[in-house]
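Asker: Handing you this structure, nothing more for now.
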Amino acid sequence: MCYPNINVLEIDLESYLTDHLYLIEKNPTTFKSVPYLVTTMCLAVPGKILEIDGDNAKVDFGGINRKANISLVDVSVGDYIIVHAGYAIQILSPEEAKETMDVWNEILEAQKGPN
Amino acid sequence: MNNDLKQFKLRDEKIAEKVTKKIREANVQMNVMHVCGTHQDTLVRYGLEEMLKEAGINIIQGPGCPVCVTTPREVEEMIKLAENGVTITAFGDMMKVPGEKKSLMHAKQEGADVRVVYSIDDAVEIAIKTDDPVVFMSVGFETTTPSTASAISRGAPDNFYILSCNRVIPPALDAILKMGELNLDGLIEPGHVSAIIGTKPYEPLSERYNIPQVVAGFEPLDLLMGVYMLVRQVKEGRAEVENEYDRVVKTEGNLKAQMMIEDVFQPIDTDWRGFPVIPDSGLKPREKYREHDARVVFSDMLDELKGKKFEERENCLCGEVLRGITEPNECELFGKACTPSSPIGPCMVSREGSCNIAYRYRGVG
């Protein structure tokens, strides 16, 4: 096997989700490098809800805390959200990511074995 | 994160190679269109475009940048309001988009009150602090439209107005497929538009034009996977809507956001830069919100622009670039008269525009 440490069974849903956030933290090309006031139109970034105050929430974007409007989603503290132009547009959910994980497993499974 | 190798990486080069190998092995030649500037950024930045070309997949960017498809008329409307003393608020990447003669940036330099906002909430805040009229240039596809709808339906101040330049994606895809200028074999659908509308609105397109579609996310592996899923459909003779970005996109989308859009806006026929009028592809505020509709409230200023024809800049090929029939570097202005610091066409202005992306990552030539 070419990647002894990548075992398909270890690619679980949680790490799949965590990676999306990990990228923002470690490889912050999407968010931090974009000047605050330059909104790119369909760029949306994931963050974690820290506090909720009415329609607004304090959100952690990989170390940067910023306000986001949560009137478009039903969320609680601790949820991971995708934020675009100051508004949370959807909740990141590992449970729903099953379909794609199956295809990933199919690709990696098929190429497992002597290489 | 110590056990990095056990983690699934959306930028893992080795996994990328594996997916690309699968695509290559399928031995399928395809023209694939996507309609999103962020997709284009990922494709060019990580060199996926070239990788995919070698594997037989030709990727084309369609009209996927709300800033780019905003028409000179809409920019001229904003400039008109600004020059009449109205406070204008707009997203940063609208500032340099050229109208017929100038941009909002030019109007600001000439003394108009034009302010950049990050979110419509910032614009509402500005309105709260003054009695003077404040207009927000509401640009965006389904990703952005709900924020405007939310701000209006939650109750904006009386002196706050929107100039709707909002557009919707599915009718534009239909128009492109109907025009048939490109021989398309598959569509990559925009992940964050789909986060709102879900996957169902794309289904009629697959039925009507027998074309496979995949909703994809924005990381390199998301896009490679999206392409692989298209290739797999072609191999298996299917033409369906599949969802690669299911960690964010639900089949039904964001129902709360959809309800807000429905409450505030109604569909209208509208033109897109580079395209003729596309039926039901635009949005205007419903009658019950007319007191926040800048086109209604400031009709005395804006009516004289009605029926006026606005010319594109001479030799600018943005229209062709947006329809996917011309590459940025085929335009004689590209990188010469037209650069990100001094753009002539909108595709060079926005960081999501094809020309801007090509200039930043590929350079001139």
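Labeling convention for the structure tokens: chains A, B, ... as they appear, residues from 1 per chain, ligands from 1 in order of appearance.
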Please list as a ChimeraX atom specification every residue within 9 Å of segment 342-349 of chain B, counting only C-alpha atoms and excluding residues in the same chain fewer than 2 positions away.
Answerer: /B:65,67-70,93-98,312-313,316-318,321-322,328,333-334,337-340,351-359
Asker: Residues of chain B within 8 Å of chain A, counting only C-alpha atoms - could you list those as a ChimeraX atom specification?
Answerer: /B:5-10,18-19,22,36-38,65-67,91-93,116-121,140,143-144,146-147,150,192-193,195-196,243-250,254,256-257,350-352
Asker: Neighbouring residues of Met229 of chain B were defined as those with any atom within 8 Å, considering only C-alpha atoms; residues of the same chain fewer than 2 positions away were excluded. Please report them as an MDAnalysis selection string.
Answerer: chainID B and resid 214 225:227 231:233 242 244
Asker: Could you jot down the atom CA of Asn166 of chain B to atom CA of Val139 of chain B separation for me, Å, one decimal place?
Answerer: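 Going from atom CA of Asn166 of chain B over to atom CA of Val139 of chain B, I get 5.1 Å.
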Asker: For atom CA of Val135 of chain B and atom CA of Arg295 of chain B, quote the distance in Å rounded to one decimal.
Answerer: 10.3 Å
Asker: Using the chain letters and numbers from this document, which residues of segment 56-85 of chain B does DSSP assign to alpha helix (DSSP H), as a list in words?
Answerer: Pro66, Val67, Cys68, Val69, Pro72, Arg73, Glu74, Val75, Glu76, Glu77, Met78, Ile79, Lys80, Leu81, Ala82 and Glu83 of chain B
Asker: Could you tell me how far atom CA of Ile162 of chain B sits from atom CA of Phe298 of chain B, in Å to one decimal place?
Answerer: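 Interatomic distance, atom CA of Phe298 of chain B to atom CA of Ile162 of chain B: 10.8 Å.
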Asker: Excluding same-chain residues fewer than 6 positions from segment 276-278 of chain B, what lies within 12 Å of it counting only C-alpha atoms, as a VMD selection string?
Answerer: chain B and resid 69 71 167 to 176 178 to 179 267 to 270 319 323
Asker: Can I get the selected residues back with C-alpha atoms, as a JSON list (two decimals), in the first residue's frame?
Answerer:
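So the final result, stored in selection29.json, reads:
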```json
[["chain", "number", "residue", "atom", "x", "y", "z"],
["B", 69, "VAL", "CA", -23.41, 39.82, -14.58],
["B", 71, "THR", "CA", -25.56, 45.26, -16.02],
["B", 167, "ARG", "CA", -30.66, 37.09, -9.83],
["B", 168, "VAL", "CA", -31.41, 33.39, -9.71],
["B", 169, "ILE", "CA", -29.27, 30.62, -11.16],
["B", 170, "PRO", "CA", -31.53, 27.86, -12.57],
["B", 171, "PRO", "CA", -33.18, 30.02, -15.29],
["B", 172, "ALA", "CA", -29.72, 31.16, -16.44],
["B", 173, "LEU", "CA", -28.52, 27.56, -16.72],
["B", 174, "ASP", "CA", -31.61, 26.78, -18.75],
["B", 175, "ALA", "CA", -30.88, 29.76, -21.02],
["B", 176, "ILE", "CA", -27.29, 28.63, -21.58],
["B", 178, "LYS", "CA", -31.04, 26.38, -24.72],
["B", 179, "MET", "CA", -28.66, 28.76, -26.53],
["B", 267, "PRO", "CA", -39.54, 36.82, -10.04],
["B", 268, "ILE", "CA", -39.13, 39.14, -13.01],
["B", 269, "ASP", "CA", -37.59, 38.80, -16.46],
["B", 270, "THR", "CA", -34.19, 40.44, -16.46],
["B", 319, "GLY", "CA", -20.12, 39.16, -22.46],
["B", 323, "ARG", "CA", -21.09, 32.92, -21.81]]
```
Asker: With DSSP run on the backbone, what are the strand (DSSP E or B) residues within segment 80-216 of chain B? I'd like them as a PDB file with C-alpha atoms, in the first residue's frame.
Answerer:
```
ATOM      1  CA  THR B  87     -26.251  57.645   0.482  1.00  0.00           C
ATOM      2  CA  ILE B  88     -25.220  54.502  -1.374  1.00  0.00           C
ATOM      3  CA  THR B  89     -24.059  51.287   0.265  1.00  0.00           C
ATOM      4  CA  ALA B  90     -22.594  48.390  -1.698  1.00  0.00           C
ATOM      5  CA  PHE B  91     -20.365  45.345  -1.356  1.00  0.00           C
ATOM      6  CA  VAL B 114     -20.800  55.880  -1.417  1.00  0.00           C
ATOM      7  CA  ARG B 115     -19.928  53.436   1.358  1.00  0.00           C
ATOM      8  CA  VAL B 116     -18.651  49.885   1.308  1.00  0.00           C
ATOM      9  CA  VAL B 117     -20.412  47.361   3.537  1.00  0.00           C
ATOM     10  CA  VAL B 134     -29.787  55.129   2.399  1.00  0.00           C
ATOM     11  CA  VAL B 135     -29.891  52.726  -0.554  1.00  0.00           C
ATOM     12  CA  PHE B 136     -28.289  49.276  -0.508  1.00  0.00           C
ATOM     13  CA  MET B 137     -27.248  47.838  -3.860  1.00  0.00           C
ATOM     14  CA  SER B 138     -28.572  44.333  -3.409  1.00  0.00           C
ATOM     15  CA  VAL B 139     -26.399  42.214  -5.671  1.00  0.00           C
ATOM     16  CA  GLY B 140     -26.222  38.461  -5.493  1.00  0.00           C
ATOM     17  CA  PHE B 160     -33.706  52.322   4.058  1.00  0.00           C
ATOM     18  CA  TYR B 161     -34.186  51.117   0.484  1.00  0.00           C
ATOM     19  CA  ILE B 162     -32.821  48.363  -1.703  1.00  0.00           C
ATOM     20  CA  LEU B 163     -32.049  48.464  -5.395  1.00  0.00           C
ATOM     21  CA  SER B 164     -32.555  44.831  -6.308  1.00  0.00           C
ATOM     22  CA  CYS B 165     -29.973  43.429  -8.714  1.00  0.00           C
ATOM     23  CA  ASN B 166     -30.611  39.931  -7.357  1.00  0.00           C
ATOM     24  CA  ARG B 167     -30.658  37.088  -9.828  1.00  0.00           C
ATOM     25  CA  GLY B 186     -22.009  18.124 -17.588  1.00  0.00           C
ATOM     26  CA  LEU B 187     -22.636  20.896 -15.075  1.00  0.00           C
ATOM     27  CA  ILE B 188     -20.977  21.551 -11.724  1.00  0.00           C
ATOM     28  CA  GLU B 189     -23.526  23.416  -9.635  1.00  0.00           C
ATOM     29  CA  PRO B 190     -22.524  26.093  -7.118  1.00  0.00           C
ATOM     30  CA  GLN B 213     -25.137  17.627 -12.826  1.00  0.00           C
ATOM     31  CA  VAL B 214     -23.214  17.559  -9.561  1.00  0.00           C
ATOM     32  CA  VAL B 215     -23.427  20.102  -6.747  1.00  0.00           C
ATOM     33  CA  ALA B 216     -19.854  20.586  -5.517  1.00  0.00           C
TER      34      ALA B 216
END
```
Asker: For Met30 of chain B, find every residue with an atom within 12 Å (counting only C-alpha atoms), except residues of its own chain fewer than 3 positions away, and show them as a compact mmCIF listing (two decimals) with N, CA, C and O atoms, in the first residue's frame.
Answerer:
```
# COMPACT_ATOMS: atom_id res chain seq x y z
N ILE B 23 -10.46 9.41 -12.93
CA ILE B 23 -11.07 10.19 -14.01
C ILE B 23 -10.40 9.82 -15.34
O ILE B 23 -11.06 9.59 -16.35
N ARG B 24 -9.06 9.75 -15.30
CA ARG B 24 -8.31 9.43 -16.50
C ARG B 24 -8.68 8.04 -17.02
O ARG B 24 -8.89 7.83 -18.21
N ALA B 26 -11.35 6.48 -16.73
CA ALA B 26 -12.69 6.41 -17.32
C ALA B 26 -12.66 6.72 -18.81
O ALA B 26 -13.54 6.31 -19.57
N ASN B 27 -11.59 7.45 -19.22
CA ASN B 27 -11.37 7.74 -20.63
C ASN B 27 -12.60 8.36 -21.29
O ASN B 27 -13.12 7.86 -22.28
N MET B 33 -19.28 22.70 -17.52
CA MET B 33 -19.40 24.11 -17.13
C MET B 33 -19.71 24.23 -15.64
O MET B 33 -20.47 23.44 -15.10
N LEU B 52 -7.07 18.36 -15.14
CA LEU B 52 -8.29 17.78 -15.70
C LEU B 52 -8.26 17.78 -17.22
O LEU B 52 -8.75 16.86 -17.86
N LYS B 53 -7.65 18.81 -17.79
CA LYS B 53 -7.56 18.88 -19.25
C LYS B 53 -6.80 17.66 -19.78
O LYS B 53 -7.19 17.02 -20.74
N GLU B 54 -5.70 17.33 -19.08
CA GLU B 54 -4.92 16.16 -19.48
C GLU B 54 -5.72 14.87 -19.34
O GLU B 54 -5.46 13.90 -20.03
N ALA B 55 -6.69 14.90 -18.43
CA ALA B 55 -7.52 13.70 -18.23
C ALA B 55 -8.76 13.72 -19.14
O ALA B 55 -9.63 12.86 -19.02
N GLY B 56 -8.81 14.71 -20.05
CA GLY B 56 -9.90 14.74 -21.02
C GLY B 56 -11.09 15.61 -20.64
O GLY B 56 -12.11 15.62 -21.33
N ILE B 57 -10.95 16.33 -19.53
CA ILE B 57 -12.08 17.14 -19.06
C ILE B 57 -11.78 18.62 -19.27
O ILE B 57 -10.85 19.16 -18.70
N ASN B 58 -12.59 19.24 -20.09
CA ASN B 58 -12.43 20.66 -20.36
C ASN B 58 -13.41 21.45 -19.49
O ASN B 58 -14.61 21.23 -19.57
N ILE B 59 -12.86 22.34 -18.64
CA ILE B 59 -13.72 23.08 -17.72
C ILE B 59 -13.94 24.51 -18.22
O ILE B 59 -12.99 25.19 -18.60
N ILE B 60 -15.17 24.93 -18.19
CA ILE B 60 -15.54 26.27 -18.67
C ILE B 60 -16.26 27.01 -17.55
O ILE B 60 -17.12 26.44 -16.90
N LEU B 182 -22.32 26.21 -26.43
CA LEU B 182 -21.27 25.33 -25.93
C LEU B 182 -21.81 23.92 -25.99
O LEU B 182 -22.97 23.68 -25.73
N ASN B 183 -20.92 23.00 -26.30
CA ASN B 183 -21.33 21.62 -26.36
C ASN B 183 -21.11 21.00 -24.97
O ASN B 183 -20.09 20.37 -24.73
N LEU B 184 -22.04 21.22 -24.08
CA LEU B 184 -21.81 20.82 -22.68
C LEU B 184 -22.25 19.39 -22.40
O LEU B 184 -23.30 18.94 -22.84
N ASP B 185 -21.39 18.69 -21.64
CA ASP B 185 -21.69 17.30 -21.27
C ASP B 185 -21.97 17.16 -19.79
O ASP B 185 -22.32 16.07 -19.33
N GLY B 186 -21.76 18.22 -19.02
CA GLY B 186 -22.01 18.12 -17.59
C GLY B 186 -21.95 19.49 -16.95
O GLY B 186 -21.32 20.41 -17.48
N LEU B 187 -22.65 19.63 -15.81
CA LEU B 187 -22.64 20.90 -15.08
C LEU B 187 -22.19 20.65 -13.64
O LEU B 187 -22.63 19.70 -13.01
N ILE B 211 -28.61 16.08 -19.25
CA ILE B 211 -27.25 16.46 -18.85
C ILE B 211 -27.01 16.09 -17.37
O ILE B 211 -27.84 16.36 -16.51
N PRO B 212 -25.86 15.44 -17.09
CA PRO B 212 -25.53 15.13 -15.69
C PRO B 212 -25.13 16.41 -14.94
O PRO B 212 -24.49 17.29 -15.51
N VAL B 227 -16.17 16.29 -10.46
CA VAL B 227 -15.91 15.89 -11.85
C VAL B 227 -15.98 14.36 -11.97
O VAL B 227 -16.57 13.83 -12.91
N TYR B 228 -15.41 13.67 -10.98
CA TYR B 228 -15.45 12.21 -11.03
C TYR B 228 -16.90 11.70 -11.03
O TYR B 228 -17.26 10.77 -11.75
N LEU B 230 -19.46 13.24 -12.20
CA LEU B 230 -20.02 13.49 -13.54
C LEU B 230 -19.56 12.42 -14.52
O LEU B 230 -20.34 11.88 -15.31
N VAL B 231 -18.24 12.12 -14.45
CA VAL B 231 -17.66 11.11 -15.34
C VAL B 231 -18.37 9.77 -15.14
O VAL B 231 -18.72 9.07 -16.09
N ARG B 232 -18.60 9.46 -13.85
CA ARG B 232 -19.25 8.19 -13.53
C ARG B 232 -20.68 8.14 -14.11
O ARG B 232 -21.11 7.12 -14.64
N GLN B 233 -21.36 9.28 -14.05
CA GLN B 233 -22.71 9.32 -14.64
C GLN B 233 -22.66 9.06 -16.14
O GLN B 233 -23.47 8.31 -16.67
N VAL B 234 -21.70 9.70 -16.81
CA VAL B 234 -21.59 9.52 -18.26
C VAL B 234 -21.29 8.05 -18.58
O VAL B 234 -21.91 7.46 -19.47
N LYS B 235 -20.36 7.47 -17.83
CA LYS B 235 -20.00 6.06 -18.05
C LYS B 235 -21.20 5.14 -17.87
O LYS B 235 -21.37 4.16 -18.58
```
